[in-house]
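Asks: So that we are looking at the same thing, I have put the structure below in C-alpha cells.
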Amino acid sequence: MVSIKDIAKQAGVSISTVSYALNGSDKVTDETSARILQIAKELNYIPNASARNLKKRETKILGVFLTDFRGDVYGDLLHGMKEISNALGYDLVVCSGKQSHKMLPERMIDGAVVLDQAFESEELLQYADLGHKIVVLDRELDHPNINQVLLDNKAGATLAMDYLMENGHRKIHIVTGPEGSYDSIQRMKGVRLTAERAGVEIVEIPGDFLKSGGVQAAERLMREYKEPVAVFCLNDEMAIGLYNRLADSQFRIGEHIHVIGFDNIEVSRYLQPRLATIEYSKQRWGELASQQLVKLISGEEVEHERVYVKLIEGHSVGKAPA
C-alpha cells in the first residue's frame, strides 16, 4: 500500500509537506500542491481513514450496539436512528459482540447508542470518563457524558394491569422477560406496585422475550387450568408464542385465556382475536436516541428523555366470569 512517505520520496519533499498538500493547507504553494496531488493520483494513494480520524477526532459515524437483531422492535428503532443521523450529517453502523466495543475507545465512531444488556455498565462509565459520548436505552447511568432515552416501562405495565383489572380479573399471571433485562425489571416494578395497590394476586412465569417463552407459558397454563385466567406477557413476542400454542388446543384466547402484551409490534395487529397491548413509537425512540447523541457530541446540554406509552385495547381480553 502506498504511503505518504512514498509520495514524499518521489516528489522530493518532506512528509509534512505532502501531508499539508493532501489536507488542502495553504502552507504549500499551489504549484507544489498540484504536483504532490498528481503524484498521489498516479500512485493510487488511498488516505488512511483511521489515522485521519484520530487526528481530527471525528469520523461522522455513530455506532448502535444491540444484543441481538431479531424481533420486530429493532427495524423501526434503527430506521428512526438512521433517518435522524443522516439528516444531521452522520452515518450509522450497527454493532454486536464484545469485539465491537473497541470501536468506541479506538475512535472509529464518534459516539454510541447502547441497547445491549451484555455491554457492562462499568465499561460504559470508563469510556464516559475518557470523554466518549454515549446514549443508553436500557439502563440508568449518572454521568455528564451519558444520556438516557428510556421507555416508560412502569407506566406501560400499570396500563396493562389496570386494563385486566377493569375487566374483572383479580389473579394475573405474568410472563416475565430474561433475567437482568432492564425492560423486564422495570415492567415488573410497575406490575408489583399496581398489584399491591389494588390487592390483586400475581403469579410469575419465567419468560425470555422470545416466542419460546410464550409457548412454555401456555404449556403451564393448560396443565394448571381450572378456570379462566388473565395473562400479562411482558412483550408481544411471548404473547404470539402463547397464541400459537393455544391454537392447537381447546383453549380460546379471550374466553379461557385473557392475554395482553407489550410493544404493539406489527404482527400483533393481525392476530385473531386482536391482541391487547402497550404501544409506543419505536421510530421516535430511535430518532430521540440519535438526536441526543449528536447533541452530546456537539457539546450541547441535554436532559434525559422518556418515550411514552399508551394502551391498545383488544378482544384478547374479555370480562372475567362473575
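Letters A, B, ... go to the chains of the C-alpha cells in the order shown; residues in each chain start at 1; ligands are counted from 1 in the same order.
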If we count only C-alpha atoms, what is near Arg269 in chain A at a cut-off of 12 Å, once residues fewer than 3 positions away on the same chain are taken out, given as a VMD selection string?

Replies: chain A and resid 236 240 261 263 to 266 272 to 279 312 to 316

Asks: Go ahead and dump the residues you just picked, C-alpha atoms, as a compact mmCIF listing (two decimals), in the first residue's frame.

Replies:
```txt
# COMPACT_ATOMS: atom_id res chain seq x y z
CA ASP A 236 -45.64 -9.26 22.25
CA ILE A 240 -47.56 -14.58 19.98
CA GLY A 261 -48.78 -7.93 25.57
CA ASP A 263 -44.69 -3.41 22.25
CA ASN A 264 -47.51 -3.47 19.67
CA ILE A 265 -45.26 -5.00 17.01
CA GLU A 266 -46.79 -5.09 13.54
CA GLN A 272 -57.26 -13.05 15.95
CA PRO A 273 -58.66 -12.04 18.31
CA ARG A 274 -56.77 -8.72 18.22
CA LEU A 275 -54.07 -8.70 20.90
CA ALA A 276 -54.45 -6.05 23.58
CA THR A 277 -51.02 -4.49 24.10
CA ILE A 278 -48.98 -1.45 25.10
CA GLU A 279 -47.86 0.79 22.25
CA ILE A 312 -54.24 -0.62 22.69
CA GLU A 313 -57.42 -2.47 23.57
CA GLY A 314 -58.16 -5.85 22.03
CA HIS A 315 -60.58 -8.77 22.17
CA SER A 316 -57.81 -10.96 23.62
```

Asks: Using only C-alpha atoms, which protein or nucleic acid residues come within 10 Å of Pro178 in chain A? Drop anything in the same chain fewer than 5 positions from it, and give the result as a ChimeraX atom specification.

Replies: /A:183-185,206-210,213

Asks: Residues near range 95-105 of chain A, anyone? I mean within 8 Å using only C-alpha atoms, not counting same-chain ones fewer than 3 positions away, as a list in words.

Replies: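 That gives Gly63, Val64, Phe65, Leu66, Thr67, Asp68, Met108, Ile109, Asp110, Gly111, Ala112, Phe119, Tyr127 and His132 of chain A.
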
Asks: One number please: CA of Pro144 in chain A to CA of Gly180 in chain A, in Å, one decimal.

Replies: 24.7 Å

Asks: Which of range 145-299 of chain A counts as strand (DSSP E or B) under DSSP, as a ChimeraX atom specification please?

Replies: /A:146-151,171-175,201-205,229-233,253,257-260,263,276-279

Asks: Could the residues in this selection be saved with C-alpha atoms as a PDB file, in the first residue's frame?

Replies:
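As written to disk, part.pdb reads:
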```
ATOM      1  CA  ILE A 146     -24.132   9.685  29.144  1.00  0.00           C
ATOM      2  CA  ASN A 147     -27.733  10.460  28.242  1.00  0.00           C
ATOM      3  CA  GLN A 148     -30.749   8.239  28.883  1.00  0.00           C
ATOM      4  CA  VAL A 149     -33.600   7.715  26.414  1.00  0.00           C
ATOM      5  CA  LEU A 150     -35.809   5.198  28.172  1.00  0.00           C
ATOM      6  CA  LEU A 151     -39.216   3.640  27.651  1.00  0.00           C
ATOM      7  CA  LYS A 171     -55.478 -13.030  39.663  1.00  0.00           C
ATOM      8  CA  ILE A 172     -52.953 -12.222  36.949  1.00  0.00           C
ATOM      9  CA  HIS A 173     -50.193 -14.404  35.547  1.00  0.00           C
ATOM     10  CA  ILE A 174     -47.076 -12.502  34.454  1.00  0.00           C
ATOM     11  CA  VAL A 175     -44.776 -13.970  31.797  1.00  0.00           C
ATOM     12  CA  GLU A 201     -52.726 -11.719  43.192  1.00  0.00           C
ATOM     13  CA  ILE A 202     -49.911 -12.147  40.677  1.00  0.00           C
ATOM     14  CA  VAL A 203     -48.247 -15.388  39.579  1.00  0.00           C
ATOM     15  CA  GLU A 204     -44.866 -15.055  37.861  1.00  0.00           C
ATOM     16  CA  ILE A 205     -43.957 -17.374  34.972  1.00  0.00           C
ATOM     17  CA  VAL A 229     -57.080 -16.873  33.628  1.00  0.00           C
ATOM     18  CA  ALA A 230     -55.557 -13.470  32.866  1.00  0.00           C
ATOM     19  CA  VAL A 231     -52.034 -13.229  31.495  1.00  0.00           C
ATOM     20  CA  PHE A 232     -49.731 -10.243  31.019  1.00  0.00           C
ATOM     21  CA  CYS A 233     -46.856 -11.166  28.674  1.00  0.00           C
ATOM     22  CA  ILE A 253     -57.997 -16.546  23.661  1.00  0.00           C
ATOM     23  CA  ILE A 257     -57.113 -17.275  28.433  1.00  0.00           C
ATOM     24  CA  HIS A 258     -57.214 -13.453  28.596  1.00  0.00           C
ATOM     25  CA  VAL A 259     -53.897 -12.002  27.447  1.00  0.00           C
ATOM     26  CA  ILE A 260     -52.255  -8.618  26.978  1.00  0.00           C
ATOM     27  CA  ASP A 263     -44.694  -3.409  22.252  1.00  0.00           C
ATOM     28  CA  ALA A 276     -54.454  -6.047  23.577  1.00  0.00           C
ATOM     29  CA  THR A 277     -51.022  -4.490  24.096  1.00  0.00           C
ATOM     30  CA  ILE A 278     -48.982  -1.454  25.097  1.00  0.00           C
ATOM     31  CA  GLU A 279     -47.858   0.789  22.247  1.00  0.00           C
TER      32      GLU A 279
END
```

Asks: One decimal, Å: what's the distance from CA of Glu255 in chain A over to CA of Ala198 in chain A, could you say?

Replies: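 CA of Glu255 in chain A sits 23.4 Å away from CA of Ala198 in chain A.
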
Asks: Could you check how far CA of Lys295 in chain A sits from CA of Lys133 in chain A, in Å to one decimal?

Replies: 9.5 Å

Asks: What's around range 2-7 of chain A at 8 Å? Count only C-alpha atoms, leave out sequence neighbours fewer than 4 positions away in its own chain, and write the answer as a list of chain:residue names.

Replies: A:Ala11, A:Ile15, A:Val18, A:Ser19, A:Ile36, A:Ile39, A:Ala40, A:Leu43, A:Asn44, A:Tyr45, A:Ile46

Asks: Among the residues of range 88-243 of chain A, find those DSSP assigns to helix (DSSP H, G or I) from the backbone and print them as a count of residues only.

Replies: 68

Asks: Could you name the residues that touch Lys211 in chain A at 12 Å or less, counting only C-alpha atoms, but leaving out those on the same chain fewer than 4 positions away, as a tab-separated table (two decimals) with C-alpha atoms, in the first residue's frame?

Replies:
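Saved file selection.tsv follows:
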```
chain	number	residue	atom	x	y	z
A	70	ARG	CA	-34.07	-10.48	15.94
A	71	GLY	CA	-37.52	-9.13	16.72
A	175	VAL	CA	-44.78	-13.97	31.80
A	177	GLY	CA	-38.51	-11.28	30.44
A	207	GLY	CA	-40.01	-15.98	30.19
A	215	VAL	CA	-45.09	-21.45	24.28
A	216	GLN	CA	-43.73	-22.65	27.62
A	217	ALA	CA	-46.11	-20.35	29.50
A	218	ALA	CA	-49.06	-21.76	27.51
A	233	CYS	CA	-46.86	-11.17	28.67
A	234	LEU	CA	-44.13	-8.57	29.14
A	235	ASN	CA	-43.65	-8.40	25.37
A	236	ASP	CA	-45.64	-9.26	22.25
A	237	GLU	CA	-43.21	-11.93	21.04
A	238	MET	CA	-44.13	-14.12	24.02
A	239	ALA	CA	-47.82	-13.35	23.57
A	240	ILE	CA	-47.56	-14.58	19.98
A	241	GLY	CA	-45.87	-17.78	21.17
A	242	LEU	CA	-48.74	-18.26	23.61
A	243	TYR	CA	-51.29	-17.70	20.79
A	244	ASN	CA	-49.51	-20.21	18.58
A	245	ARG	CA	-49.51	-22.95	21.20
```

Asks: With only C-alpha atoms as the basis for distance, which of A:Gly190, A:Pro321, A:Gly12, A:Gly80 is at the shortest distance from Arg284 in chain A?

Replies: A:Gly80

Asks: Need to verify the contact set: Leu62 in chain A, 12 Å, only C-alpha atoms, exclusion of same-chain residues closer than 3 positions in sequence. Can you return it as a short mmCIF file (atom, residue, chain, number, x, y, z; two decimals) with C-alpha atoms, in the first residue's frame?

Replies:
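Everything below was put into result13.cif:
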```cif
data_model
loop_
_atom_site.label_atom_id
_atom_site.label_comp_id
_atom_site.auth_asym_id
_atom_site.auth_seq_id
_atom_site.Cartn_x
_atom_site.Cartn_y
_atom_site.Cartn_z
CA GLU A 58 -14.16 12.69 14.44
CA THR A 59 -15.48 10.13 11.99
CA PHE A 65 -24.85 -1.58 19.98
CA LEU A 78 -32.93 1.56 13.60
CA MET A 81 -31.86 6.39 14.21
CA LYS A 82 -30.71 6.29 10.59
CA ILE A 84 -32.00 11.48 12.06
CA SER A 85 -28.31 10.53 11.91
CA ASN A 86 -28.21 11.07 8.14
CA LEU A 88 -27.54 15.60 10.90
CA GLY A 89 -24.59 14.59 8.74
CA TYR A 90 -23.73 11.25 10.31
CA ASP A 91 -23.70 7.66 9.10
CA LEU A 92 -24.81 4.77 11.31
CA VAL A 93 -23.17 1.40 11.95
CA VAL A 94 -24.84 -1.43 13.87
CA CYS A 95 -22.62 -3.45 16.21
CA MET A 103 -14.82 0.88 18.15
CA LEU A 104 -15.54 3.46 20.84
CA ARG A 107 -12.44 6.38 18.00
CA MET A 108 -13.75 4.50 14.98
CA ILE A 109 -17.09 6.09 15.86
CA ASP A 110 -17.92 9.47 17.38
CA GLY A 111 -20.40 8.13 19.92
CA ALA A 112 -22.58 5.16 20.82
CA VAL A 113 -26.22 4.29 21.35
CA VAL A 114 -26.44 1.23 23.59
CA HIS A 132 -16.71 9.37 24.91
CA LYS A 133 -20.36 10.28 24.30
CA ILE A 134 -22.99 7.61 24.93
CA VAL A 135 -26.78 7.32 24.90
CA ALA A 289 -31.51 8.48 20.61
CA SER A 290 -29.69 9.89 17.58
CA GLN A 291 -30.72 13.47 18.36
CA GLN A 292 -29.45 13.24 21.92
CA LEU A 293 -26.17 11.62 20.90
CA VAL A 294 -25.39 14.30 18.31
CA LEU A 296 -23.74 15.35 23.33
CA ILE A 297 -21.05 15.19 20.65
#
```
